[in-house]
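*Asks:* Here you go, structure-v2.cif (mmCIF, C-alpha atoms):
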data_entry
loop_
_atom_site.label_atom_id
_atom_site.label_comp_id
_atom_site.auth_asym_id
_atom_site.auth_seq_id
_atom_site.Cartn_x
_atom_site.Cartn_y
_atom_site.Cartn_z
CA MET A 20 156.04 59.85 266.47
CA ASP A 21 154.69 61.38 263.30
CA VAL A 22 152.31 63.56 265.32
CA GLU A 23 155.15 64.65 267.64
CA SER A 24 157.42 65.41 264.65
CA ALA A 25 154.70 67.46 262.99
CA GLU A 26 154.13 69.45 266.19
CA LEU A 27 157.88 69.99 266.56
CA ARG A 28 158.16 71.26 262.98
CA GLU A 29 155.22 73.61 263.53
CA SER A 30 156.84 74.96 266.71
CA VAL A 31 160.16 75.52 264.95
CA GLU A 32 158.48 77.27 262.04
CA GLU A 33 156.53 79.47 264.46
CA VAL A 34 159.72 80.48 266.28
CA ARG A 35 161.46 81.17 262.97
CA GLY A 36 158.53 83.30 261.84
CA ARG A 37 158.69 85.36 265.01
CA ALA A 38 162.45 85.80 264.62
CA VAL A 39 162.02 86.97 261.03
CA ASP A 40 159.31 89.40 262.10
CA GLY A 41 161.57 90.68 264.87
CA ARG A 42 164.48 91.21 262.49
CA THR A 43 162.18 92.95 260.01
CA LEU A 44 160.93 95.33 262.69
CA GLY A 45 164.49 95.92 263.86
CA PHE A 46 165.59 96.63 260.30
CA LEU A 47 162.72 99.10 259.87
CA ALA A 48 163.57 100.74 263.21
CA ILE A 49 167.19 101.35 262.16
CA LEU A 50 166.03 102.70 258.80
CA GLY A 51 163.64 104.98 260.68
CA ALA A 52 166.54 106.31 262.74
CA VAL A 53 168.54 106.86 259.54
CA ALA A 54 165.57 108.67 258.00
CA LEU A 55 165.55 111.05 260.99
CA TRP A 56 169.32 111.51 261.23
CA GLY A 57 169.82 112.25 257.54
CA PRO A 58 167.62 115.37 257.29
CA SER A 59 168.97 116.80 260.57
CA TYR A 60 171.65 118.74 258.68
CA VAL A 61 168.98 120.33 256.52
CA ALA A 62 166.81 121.15 259.54
CA THR A 63 169.78 122.68 261.34
CA LYS A 64 170.70 124.76 258.30
CA ILE A 65 167.14 126.14 258.12
CA VAL A 66 167.09 127.15 261.79
CA LEU A 67 170.61 128.66 261.69
CA ALA A 68 169.28 131.31 259.30
CA GLU A 69 167.18 132.64 262.22
CA MET A 70 168.84 131.41 265.43
CA GLY A 71 172.40 131.32 266.78
CA PRO A 72 174.24 127.99 266.60
CA TYR A 73 174.71 127.56 270.35
CA LEU A 74 171.21 128.64 271.30
CA LEU A 75 169.85 126.12 268.80
CA ALA A 76 171.98 123.33 270.29
CA PHE A 77 170.80 124.22 273.81
CA VAL A 78 167.11 124.28 272.87
CA ARG A 79 167.52 121.01 270.98
CA PHE A 80 169.06 119.32 274.01
CA ALA A 81 166.48 120.77 276.38
CA LEU A 82 163.71 119.22 274.27
CA ALA A 83 165.61 115.94 274.04
CA THR A 84 165.98 115.89 277.84
CA ALA A 85 162.22 116.33 278.23
CA PHE A 86 161.70 113.40 275.84
CA LEU A 87 164.34 111.00 277.18
CA GLY A 88 163.91 111.73 280.90
CA PRO A 89 160.66 109.74 281.26
CA VAL A 90 162.11 106.98 279.05
CA ALA A 91 165.10 106.70 281.39
CA VAL A 92 162.88 106.56 284.49
CA TRP A 93 160.76 103.83 282.89
CA SER A 94 163.86 101.79 281.97
CA LEU A 95 165.05 101.80 285.60
CA LYS A 96 161.87 100.20 286.93
CA GLY A 97 162.48 96.78 288.44
CA GLN A 98 166.29 97.01 288.17
CA GLY A 99 166.97 97.95 291.77
CA GLY A 100 169.79 100.32 292.60
CA VAL A 101 171.94 101.31 289.65
CA ARG A 102 175.24 103.00 290.40
CA LEU A 103 175.64 105.98 288.11
CA PRO A 104 179.15 107.10 287.06
CA VAL A 105 178.13 110.75 287.16
CA ARG A 106 181.55 112.20 286.36
CA ARG A 107 181.99 110.01 283.32
CA LEU A 108 178.45 110.80 282.16
CA ALA A 109 179.25 114.49 282.56
CA VAL A 110 182.34 114.13 280.34
CA MET A 111 180.21 112.23 277.82
CA GLY A 112 177.73 115.11 277.86
CA LEU A 113 180.59 117.53 277.25
CA THR A 114 182.14 115.57 274.34
CA GLY A 115 179.12 113.94 272.69
CA GLY A 116 176.75 116.78 273.45
CA THR A 117 178.23 120.23 273.96
CA LEU A 118 181.41 120.10 271.87
CA TYR A 119 179.98 117.89 269.14
CA PHE A 120 176.89 119.98 268.42
CA ALA A 121 178.53 123.32 269.11
CA CYS A 122 181.21 122.58 266.50
CA GLN A 123 178.73 121.04 264.09
CA ASN A 124 176.29 123.94 264.24
CA ALA A 125 179.10 126.50 263.98
CA GLY A 126 180.57 124.64 261.01
CA LEU A 127 177.22 124.54 259.23
CA GLN A 128 177.30 128.34 259.08
CA TYR A 129 180.16 128.13 256.55
CA VAL A 130 179.41 125.04 254.46
CA THR A 131 176.30 123.67 252.82
CA ALA A 132 174.13 121.03 254.46
CA LEU A 133 175.05 118.71 251.60
CA GLU A 134 178.78 119.06 252.28
CA ALA A 135 178.24 118.71 256.05
CA SER A 136 176.36 115.46 255.43
CA LEU A 137 179.32 114.03 253.53
CA VAL A 138 181.79 115.15 256.19
CA GLY A 139 179.61 113.49 258.84
CA ALA A 140 180.35 110.16 257.17
CA VAL A 141 183.92 110.22 258.51
CA LEU A 142 182.81 109.38 262.07
CA PRO A 143 183.70 105.64 261.97
CA ALA A 144 187.13 106.42 260.54
CA ILE A 145 187.81 109.10 263.16
CA VAL A 146 186.67 106.71 265.91
CA ALA A 147 189.10 104.08 264.61
CA LEU A 148 191.97 106.59 264.58
CA VAL A 149 191.25 107.91 268.07
CA SER A 150 190.85 104.35 269.39
CA TRP A 151 194.28 103.55 267.96
CA ALA A 152 195.93 106.71 269.30
CA VAL A 153 194.30 106.79 272.75
CA ALA A 154 193.16 103.26 273.58
CA GLY A 155 195.95 101.40 271.77
CA GLU A 156 193.58 99.44 269.52
CA LYS A 157 195.27 97.86 266.52
CA LEU A 158 194.69 99.16 263.02
CA ARG A 159 194.80 96.45 260.38
CA PRO A 160 196.17 97.25 256.91
CA LEU A 161 192.67 97.31 255.42
CA GLN A 162 191.57 99.77 258.10
CA VAL A 163 194.52 102.05 257.34
CA THR A 164 193.60 101.92 253.66
CA GLY A 165 189.98 102.67 254.52
CA VAL A 166 190.91 105.67 256.66
CA GLY A 167 193.08 106.95 253.81
CA LEU A 168 190.18 106.70 251.38
CA VAL A 169 187.88 108.52 253.79
CA VAL A 170 190.39 111.35 254.21
CA ALA A 171 190.90 111.53 250.43
CA GLY A 172 187.15 111.70 249.79
CA VAL A 173 186.58 114.50 252.29
CA ALA A 174 189.65 116.40 251.07
CA LEU A 175 188.41 116.11 247.49
CA VAL A 176 185.07 117.68 248.37
CA ALA A 177 186.59 120.30 250.69
CA ILE A 178 189.31 121.56 248.37
CA ILE A 179 187.35 121.64 245.13
CA SER A 180 184.20 123.10 246.71
CA SER A 181 186.27 125.88 248.29
CA GLY A 182 186.35 128.44 245.52
CA SER A 183 188.53 131.50 245.57
CA GLN A 184 185.71 133.54 247.13
CA GLY A 185 185.00 132.52 250.70
CA ALA A 186 187.52 129.69 250.63
CA THR A 187 188.87 130.49 254.11
CA LEU A 188 185.43 130.39 255.71
CA ASN A 189 184.59 127.21 253.83
CA LEU A 190 187.69 125.46 255.14
CA LEU A 191 186.95 126.81 258.63
CA GLY A 192 183.57 125.11 258.41
CA TYR A 193 185.22 121.82 257.46
CA ALA A 194 187.68 122.16 260.35
CA LEU A 195 184.82 122.70 262.81
CA LEU A 196 182.95 119.68 261.44
CA LEU A 197 186.04 117.50 261.74
CA GLY A 198 186.50 118.82 265.27
CA SER A 199 182.98 117.67 266.10
CA ALA A 200 183.86 114.21 264.74
CA VAL A 201 186.94 113.99 266.98
CA SER A 202 184.83 114.99 269.97
CA TRP A 203 182.32 112.26 269.10
CA ALA A 204 185.14 109.71 268.92
CA PHE A 205 186.14 110.44 272.53
CA PHE A 206 182.47 110.23 273.50
CA THR A 207 182.31 106.79 271.85
CA LEU A 208 185.32 105.52 273.80
CA LEU A 209 183.78 106.63 277.08
CA GLY A 210 180.43 105.14 276.12
CA ARG A 211 181.88 101.66 275.63
CA ARG A 212 182.57 101.37 279.35
CA VAL A 213 179.50 103.19 280.64
CA GLY A 214 177.14 101.29 278.32
CA ALA A 215 178.03 98.00 280.01
CA GLU A 216 177.17 99.35 283.46
CA VAL A 217 174.15 101.62 282.96
CA PRO A 218 170.95 101.19 280.88
CA SER A 219 171.31 102.94 277.54
CA ALA A 220 168.22 105.10 278.10
CA VAL A 221 169.74 106.44 281.31
CA VAL A 222 173.03 107.15 279.56
CA ALA A 223 171.27 109.06 276.78
CA ALA A 224 169.16 111.09 279.22
CA PHE A 225 172.20 112.12 281.27
CA VAL A 226 174.25 112.90 278.17
CA VAL A 227 171.66 115.31 276.76
CA ALA A 228 170.99 116.81 280.21
CA PHE A 229 174.69 117.50 280.84
CA GLY A 230 175.04 118.64 277.24
CA ALA A 231 172.30 121.21 277.76
CA LEU A 232 173.89 122.33 281.03
CA PHE A 233 177.31 122.91 279.45
CA LEU A 234 175.71 124.61 276.44
CA LEU A 235 173.91 127.13 278.62
CA PRO A 236 176.80 129.69 278.79
CA LEU A 237 177.19 129.54 274.99
CA ALA A 238 173.43 129.92 274.56
CA LEU A 239 173.48 132.99 276.82
CA PHE A 240 176.27 134.38 274.63
CA ASP A 241 174.03 134.01 271.58
CA LEU A 242 171.16 135.67 273.46
CA ALA A 243 173.36 138.56 274.59
CA ARG A 244 174.56 139.07 271.04
CA GLY A 245 171.22 139.01 269.26
CA GLY A 246 168.39 138.45 271.75
CA TRP A 247 165.72 135.81 271.41
CA PRO A 248 164.98 135.40 267.70
CA ALA A 249 161.51 135.72 266.20
CA LEU A 250 161.39 132.30 264.60
CA SER A 251 159.19 131.52 261.65
CA PRO A 252 156.75 128.58 261.88
CA LEU A 253 159.06 126.52 259.66
CA ALA A 254 162.04 127.18 261.94
CA TRP A 255 160.01 126.22 265.01
CA ALA A 256 158.94 123.01 263.29
CA MET A 257 162.57 122.19 262.55
CA VAL A 258 163.58 122.90 266.18
CA VAL A 259 160.89 120.50 267.42
CA PHE A 260 162.00 117.93 264.86
CA LEU A 261 165.63 118.19 265.98
CA GLY A 262 164.76 117.93 269.66
CA PHE A 263 162.12 115.22 269.72
CA GLY A 264 162.93 113.46 266.46
CA GLY A 265 166.62 113.88 265.71
CA SER A 266 167.74 113.56 269.33
CA GLY A 267 164.91 111.68 271.04
CA LEU A 268 162.97 109.29 268.85
CA THR A 269 166.11 108.21 267.00
CA PHE A 270 167.53 106.89 270.25
CA VAL A 271 164.43 104.76 270.88
CA LEU A 272 164.43 103.42 267.32
CA TRP A 273 168.17 102.72 267.33
CA ASN A 274 168.12 100.75 270.56
CA TYR A 275 165.04 98.80 269.50
CA GLY A 276 166.80 97.84 266.28
CA LEU A 277 169.90 96.68 268.15
CA LYS A 278 167.79 94.16 270.06
CA THR A 279 167.26 92.11 266.89
CA LEU A 280 170.13 93.15 264.59
CA THR A 281 173.86 92.91 265.16
CA ALA A 282 175.83 96.11 265.74
CA GLY A 283 177.66 95.46 262.44
CA VAL A 284 174.45 95.38 260.42
CA ALA A 285 173.10 98.46 262.20
CA GLY A 286 176.40 100.26 261.66
CA SER A 287 176.35 99.43 257.96
CA LEU A 288 172.87 100.89 257.63
CA THR A 289 174.03 104.15 259.23
CA ASN A 290 176.40 104.60 256.29
CA LEU A 291 173.27 105.68 254.45
CA VAL A 292 172.92 108.78 256.67
CA PRO A 293 175.24 111.08 254.65
CA PHE A 294 173.54 110.15 251.39
CA VAL A 295 170.08 110.70 252.86
CA GLY A 296 171.29 114.06 254.14
CA ALA A 297 172.83 115.01 250.80
CA PHE A 298 169.65 114.06 248.95
CA CYS A 299 167.49 116.13 251.34
CA ALA A 300 169.82 119.11 250.94
CA TRP A 301 169.52 118.83 247.17
CA ALA A 302 165.75 118.29 247.20
CA PHE A 303 164.63 120.79 249.84
CA LEU A 304 167.36 123.43 250.00
CA LYS A 305 168.14 123.27 246.27
CA GLU A 306 171.83 122.98 247.04
CA GLN A 307 173.91 122.10 244.02
CA LEU A 308 174.94 118.47 243.76
CA ALA A 309 178.13 118.33 241.71
CA TRP A 310 180.15 115.40 240.44
CA VAL A 311 182.79 116.13 243.06
CA HIS A 312 180.22 115.44 245.77
CA LEU A 313 179.26 112.14 244.17
CA TRP A 314 182.83 110.91 243.69
CA GLY A 315 183.90 112.19 247.10
CA GLY A 316 180.92 110.50 248.74
CA LEU A 317 181.58 107.18 246.99
CA THR A 318 185.25 107.36 248.01
CA VAL A 319 184.24 107.97 251.63
CA LEU A 320 181.74 105.11 251.48
CA ALA A 321 184.38 102.73 250.09
CA GLY A 322 186.77 103.73 252.85
CA LEU A 323 184.12 103.26 255.54
CA ARG A 324 183.35 99.82 254.16
CA LEU A 325 186.99 98.82 254.61
CA VAL A 326 187.16 100.30 258.11
CA THR A 327 184.01 98.56 259.37
CA TRP A 328 184.45 95.30 257.42
CA SER A 329 188.00 94.73 258.62
CA ARG A 330 186.89 95.29 262.21
#
Once more with this new file: its structure as structure tokens, please.

*Replies:*
Amino acid sequence: MDVESAELRESVEEVRGRAVDGRTLGFLAILGAVALWGPSYVATKIVLAEMGPYLLAFVRFALATAFLGPVAVWSLKGQGGVRLPVRRLAVMGLTGGTLYFACQNAGLQYVTALEASLVGAVLPAIVALVSWAVAGEKLRPLQVTGVGLVVAGVALVAIISSGSQGATLNLLGYALLLGSAVSWAFFTLLGRRVGAEVPSAVVAAFVVAFGALFLLPLALFDLARGGWPALSPLAWAMVVFLGFGGSGLTFVLWNYGLKTLTAGVAGSLTNLVPFVGAFCAWAFLKEQLAWVHLWGGLTVLAGLRLVTWSR
């Protein structure tokens, strides 16, 4: 019995060790995705100085399609026939791809990358509001309080950072960024149903492919207005980063992390994205980090904590 008990303990310890290693790798994978998402605002801001916002979004999605297409094909091996809800995937490509990035890139022309990073933190709150308004999901008192704090934090940054000169354009940029968040909220609602029916890699590949398709007319508009830009090596590097890293590799890392971590833990880690983005904007673009950004960001973070915790 002693020998059997010792062997049982060793087996349990071995399983626990593997589980800990798996959670550690999952944790690192989510942090890797955050590390790629955060600087994407900075990379986009750099490229927008040389390329139109819609052309950039199209090229980014074309690269992401080339990256995720083989991943989707590989994920379908051995699963037999999978029925694809093509129409719903097309709408997801329109909301989570075309409208989201078109509004985001256009908004980044009028605000700093640092401010855009902080505005991007409102996504969970916007998703909660749209879920309540469209899907009839209940909002608990703590969630309502959290949404209020998020709105107050963004309003604080938006109003104070909008000086008398260029205030209209600055607020236009904030409106476009908030519009992208609303679009992403509808994309999230659609994705909840599709994600249960179709492998996530296939969903991502179709979303970026449809997103690129719907972005094509806007990209042609940018080309007609200014022609193909002569990009600098730095801008090309940022385009490749956005396509393969910010839109491709992040998906792989995120889904790997979700295999070992709960969605709540992963979602909490993504709250770091706006602060990573703000730090990169301060460090690499030398954008001014004022006290209003710090207090506004902390207010947004506190609100997000209430929104996600109460859920």

*Asks:* Go ahead and compute the interatomic distance for atom CA of A:Gly112 and atom CA of A:Ala228, in Å to one decimal.

*Replies:* 7.3 Å

*Asks:* Nearest residue to A:Leu137 out of A:Ala231, A:Val78, A:Leu197, A:Val110, using all atoms listed in the file?

*Replies:* A:Leu197

*Asks:* Pick from A:Ala223, A:Val173, A:Leu118, A:Leu209: nearest to A:Leu313, with only C-alpha atoms counted?

*Replies:*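 Of A:Ala223, A:Val173, A:Leu118, A:Leu209, the one nearest A:Leu313, counting only C-alpha atoms, is A:Val173.
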
*Asks:* Just checking: using only C-alpha atoms, which residue out of A:Ser94, A:Thr114, A:Ser136, A:Gln123 ends up closest to A:Gly315?

*Replies:*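 Counting only C-alpha atoms, the residue closest to A:Gly315 is A:Ser136.
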
*Asks:* Would you pick out the contacts of A:Ala249 at 8 Å or less, using all atoms listed in the file, so that residues sharing its chain but fewer than 2 positions from it are not included, and give the list as a PyMOL selection string?

*Replies:* chain A and resi 69+247+251

*Asks:* Just the number, please: distance in Å from atom CA of A:Thr117 to atom CA of A:Ala62, one decimal.

*Replies:*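 These two atoms are separated by 18.4 Å.
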
*Asks:* Taking into account only C-alpha atoms, which residue in the set A:Ala83, A:Thr131, A:Ala204, A:Met111 is nearest to A:Leu304?

*Replies:* A:Thr131

*Asks:* When you count only C-alpha atoms, which of these residues is closest to A:Gln162: A:Gly267, A:Ser202, A:Val176, A:Val146?

*Replies:*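 Nearest to A:Gln162: A:Val146.
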
*Asks:* Using the partial input, fill out stretch 196-224 of chain A with N, CA and C atoms; write the result as a PDB file, keeping the file's coordinate frame.

*Replies:*
ATOM      1  N   LEU A 196     183.658 120.951 261.571  1.00  0.00           N
ATOM      2  CA  LEU A 196     182.950 119.680 261.440  1.00  0.00           C
ATOM      3  C   LEU A 196     183.851 118.502 261.794  1.00  0.00           C
ATOM      4  N   LEU A 197     185.098 118.560 261.379  1.00  0.00           N
ATOM      5  CA  LEU A 197     186.040 117.500 261.740  1.00  0.00           C
ATOM      6  C   LEU A 197     186.317 117.521 263.243  1.00  0.00           C
ATOM      7  N   GLY A 198     186.346 118.723 263.826  1.00  0.00           N
ATOM      8  CA  GLY A 198     186.500 118.820 265.270  1.00  0.00           C
ATOM      9  C   GLY A 198     185.350 118.168 266.012  1.00  0.00           C
ATOM     10  N   SER A 199     184.135 118.324 265.484  1.00  0.00           N
ATOM     11  CA  SER A 199     182.980 117.670 266.100  1.00  0.00           C
ATOM     12  C   SER A 199     183.111 116.149 266.006  1.00  0.00           C
ATOM     13  N   ALA A 200     183.678 115.651 264.897  1.00  0.00           N
ATOM     14  CA  ALA A 200     183.860 114.210 264.740  1.00  0.00           C
ATOM     15  C   ALA A 200     184.879 113.669 265.744  1.00  0.00           C
ATOM     16  N   VAL A 201     185.950 114.404 265.985  1.00  0.00           N
ATOM     17  CA  VAL A 201     186.940 113.990 266.980  1.00  0.00           C
ATOM     18  C   VAL A 201     186.322 113.955 268.367  1.00  0.00           C
ATOM     19  N   SER A 202     185.516 114.957 268.675  1.00  0.00           N
ATOM     20  CA  SER A 202     184.830 114.990 269.970  1.00  0.00           C
ATOM     21  C   SER A 202     183.922 113.783 270.132  1.00  0.00           C
ATOM     22  N   TRP A 203     183.209 113.426 269.048  1.00  0.00           N
ATOM     23  CA  TRP A 203     182.320 112.260 269.100  1.00  0.00           C
ATOM     24  C   TRP A 203     183.115 110.959 269.292  1.00  0.00           C
ATOM     25  N   ALA A 204     184.310 110.907 268.754  1.00  0.00           N
ATOM     26  CA  ALA A 204     185.140 109.710 268.920  1.00  0.00           C
ATOM     27  C   ALA A 204     185.490 109.492 270.391  1.00  0.00           C
ATOM     28  N   PHE A 205     185.863 110.558 271.098  1.00  0.00           N
ATOM     29  CA  PHE A 205     186.140 110.440 272.530  1.00  0.00           C
ATOM     30  C   PHE A 205     184.879 110.050 273.300  1.00  0.00           C
ATOM     31  N   PHE A 206     183.747 110.601 272.886  1.00  0.00           N
ATOM     32  CA  PHE A 206     182.470 110.230 273.500  1.00  0.00           C
ATOM     33  C   PHE A 206     182.207 108.729 273.315  1.00  0.00           C
ATOM     34  N   THR A 207     182.521 108.208 272.135  1.00  0.00           N
ATOM     35  CA  THR A 207     182.310 106.790 271.850  1.00  0.00           C
ATOM     36  C   THR A 207     183.174 105.912 272.747  1.00  0.00           C
ATOM     37  N   LEU A 208     184.442 106.293 272.943  1.00  0.00           N
ATOM     38  CA  LEU A 208     185.320 105.520 273.800  1.00  0.00           C
ATOM     39  C   LEU A 208     184.807 105.471 275.230  1.00  0.00           C
ATOM     40  N   LEU A 209     184.329 106.599 275.732  1.00  0.00           N
ATOM     41  CA  LEU A 209     183.780 106.630 277.080  1.00  0.00           C
ATOM     42  C   LEU A 209     182.508 105.791 277.168  1.00  0.00           C
ATOM     43  N   GLY A 210     181.704 105.844 276.106  1.00  0.00           N
ATOM     44  CA  GLY A 210     180.430 105.140 276.120  1.00  0.00           C
ATOM     45  C   GLY A 210     180.566 103.636 276.134  1.00  0.00           C
ATOM     46  N   ARG A 211     181.682 103.108 275.647  1.00  0.00           N
ATOM     47  CA  ARG A 211     181.880 101.660 275.630  1.00  0.00           C
ATOM     48  C   ARG A 211     181.912 101.097 277.051  1.00  0.00           C
ATOM     49  N   ARG A 212     182.495 101.837 277.969  1.00  0.00           N
ATOM     50  CA  ARG A 212     182.570 101.370 279.350  1.00  0.00           C
ATOM     51  C   ARG A 212     181.252 101.632 280.089  1.00  0.00           C
ATOM     52  N   VAL A 213     180.719 102.820 279.918  1.00  0.00           N
ATOM     53  CA  VAL A 213     179.500 103.190 280.640  1.00  0.00           C
ATOM     54  C   VAL A 213     178.332 102.343 280.175  1.00  0.00           C
ATOM     55  N   GLY A 214     178.266 102.038 278.864  1.00  0.00           N
ATOM     56  CA  GLY A 214     177.140 101.290 278.320  1.00  0.00           C
ATOM     57  C   GLY A 214     177.002  99.905 278.919  1.00  0.00           C
ATOM     58  N   ALA A 215     178.093  99.334 279.419  1.00  0.00           N
ATOM     59  CA  ALA A 215     178.030  98.000 280.010  1.00  0.00           C
ATOM     60  C   ALA A 215     177.554  98.048 281.457  1.00  0.00           C
ATOM     61  N   GLU A 216     177.529  99.226 282.051  1.00  0.00           N
ATOM     62  CA  GLU A 216     177.170  99.350 283.460  1.00  0.00           C
ATOM     63  C   GLU A 216     175.794  99.978 283.681  1.00  0.00           C
ATOM     64  N   VAL A 217     175.363 100.826 282.774  1.00  0.00           N
ATOM     65  CA  VAL A 217     174.150 101.620 282.960  1.00  0.00           C
ATOM     66  C   VAL A 217     173.219 101.393 281.773  1.00  0.00           C
ATOM     67  N   PRO A 218     171.882 101.300 282.003  1.00  0.00           N
ATOM     68  CA  PRO A 218     170.950 101.190 280.880  1.00  0.00           C
ATOM     69  C   PRO A 218     171.136 102.313 279.871  1.00  0.00           C
ATOM     70  N   SER A 219     171.027 101.969 278.592  1.00  0.00           N
ATOM     71  CA  SER A 219     171.310 102.940 277.540  1.00  0.00           C
ATOM     72  C   SER A 219     170.399 104.161 277.594  1.00  0.00           C
ATOM     73  N   ALA A 220     169.139 103.963 278.004  1.00  0.00           N
ATOM     74  CA  ALA A 220     168.220 105.100 278.100  1.00  0.00           C
ATOM     75  C   ALA A 220     168.682 106.093 279.153  1.00  0.00           C
ATOM     76  N   VAL A 221     169.229 105.577 280.245  1.00  0.00           N
ATOM     77  CA  VAL A 221     169.740 106.440 281.310  1.00  0.00           C
ATOM     78  C   VAL A 221     170.967 107.198 280.825  1.00  0.00           C
ATOM     79  N   VAL A 222     171.851 106.503 280.113  1.00  0.00           N
ATOM     80  CA  VAL A 222     173.030 107.150 279.560  1.00  0.00           C
ATOM     81  C   VAL A 222     172.626 108.304 278.639  1.00  0.00           C
ATOM     82  N   ALA A 223     171.700 108.036 277.731  1.00  0.00           N
ATOM     83  CA  ALA A 223     171.270 109.060 276.780  1.00  0.00           C
ATOM     84  C   ALA A 223     170.649 110.250 277.490  1.00  0.00           C
ATOM     85  N   ALA A 224     169.816 109.994 278.500  1.00  0.00           N
ATOM     86  CA  ALA A 224     169.160 111.090 279.220  1.00  0.00           C
ATOM     87  C   ALA A 224     170.188 111.963 279.933  1.00  0.00           C
TER      88      ALA A 224
END
